[in-house]
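Have a look at the structure below, then the notes.
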Amino acid sequence: MAFNSLDHLLNHLTNKAEWSEYQRYQAVCDVWHRIIQPKVVVHTRPLSIHRNIFWVATSSAAWAQQLSLQHYSLLKQLNTYLATEPLANIRFSSAQWFQSQGDHKDLLSDSSVSLSSHPSFLESLASYQHTGMKTTQTPEEAFQQWSNTLQSLLEASPLCPQCHRPTPQGELKRWSKCSLCMIQDLP
């Protein structure tokens with residue numbers, strides 16, 4: 001069985017007739033990003049179309065109010081670009097800003113959250129250069145290569161004084177033992 005790219009599979013699925021509502025939503029989102037200024041786009045996130053009303057999350061109540069004042073002209077612009085049934089209205093709300101997609105990316109890019117601050121972080125793994133990796137390999141080969149790399153990096157790590165397993169330096173600094181021994185010692 002040949003592997004298809006995820007984009008190919010998604011395009012195949014979404015082009016079916018059962019996905020007409022999704023296709024309409026995608027068309028509205030594409031037009032939305034064309035008619036809105038880039039400085040405004042970062043403060044909006046299209047959510048859904050329900051009963052011919054386009055729902056958009058905003059980053060704050062101020063943005064919701066500002067865009068609500070412009071909703072008639074925005075609706076008119078949207079409907080001129082849409083080939084399907086025109087939208088009846090646009091509603092803006094800051095209530096769903098943090099519940100909608102994409103918020104995890106913001107958390108991960110936050111400078112206060114750093115992967116290297118985790119006690120189990122292996123500095124040598126982060127600095128490991130993927131030299132000699134084949135770009136076309138089976139999942140089994142990729143797993144085996146990852147497993148061998150991780151094993152060789154852990155062999156260079158200090159040993160846990162309790163169980164004598166290789167342990168990241170951060171765990172030894174924090175608990176004076178590995179995380180597995182730490183969990184076993186919890187009440």
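Going by the structure tokens order, chains are called A, B, ..., each with residues numbered from 1, while ligands are numbered from 1 in the order shown.
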
Next item on the list: Excluding Leu10 (chain A) and any residue of its chain fewer than 6 positions from it, enumerate the residues within 12 Å of it, using only C-alpha atoms, and give them as a PyMOL selection string.
Entry: chain A and resi 4+16+19+22-23

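Considering only C-alpha atoms, the residue among A:Leu150, A:Leu13, A:Val40, A:Leu180 positioned nearest to Ser60 (chain A) is A:Val40.
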
Note to self: According to DSSP computed on the backbone, where in region 23-110 of chain A is there strand (DSSP E or B)? Give the residues as number ranges by chain.
What the structure shows: A: 44-50, 53-58, 89-93

Note to self: What's around Phe92 (chain A) at 6 Å? Count only C-alpha atoms, leave out sequence neighbours fewer than 5 positions away in its own chain, and write the answer as a PyMOL selection string.
What the structure shows: chain A and resi 56-57+64

Next item on the list: Could you tell me how far CA of Thr84 (chain A) lies from CA of Ala27 (chain A), in Å and to one decimal?
Entry: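 Straight-line distance from CA of Thr84 (chain A) to CA of Ala27 (chain A) works out to 9.2 Å.
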
Margin query: Just to confirm, what's the straight-line distance from CA of Gln66 (chain A) to CA of Asn79 (chain A) in Å (one decimal)?
Written below: 20.1 Å

Note to self: List the spatial neighbours of Ile90 (chain A) as a PyMOL selection string - criterion: any atom at most 7 Å away, only C-alpha atoms, same-chain residues fewer than 2 positions off excluded.
What the structure shows: chain A and resi 53-55+71+75+92

Checklist line | Distance criterion (only C-alpha atoms): nearest to Gly170 (chain A) out of A:Asn52, A:Ser59, A:Ser157, A:Pro46 | finding: A:Ser157

Next item on the list: Check the smallest atom-to-atom distance from each of A:Cys163, A:Leu78, A:Cys178, A:Ala83 to Trp32 (chain A) using only C-alpha atoms, then report the winner.
Entry: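 Of the candidates, the smallest distance to Trp32 (chain A) is held by A:Leu78.
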
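Separating CA of Val41 (chain A) from CA of Glu21 (chain A) is a distance of 22.7 Å.
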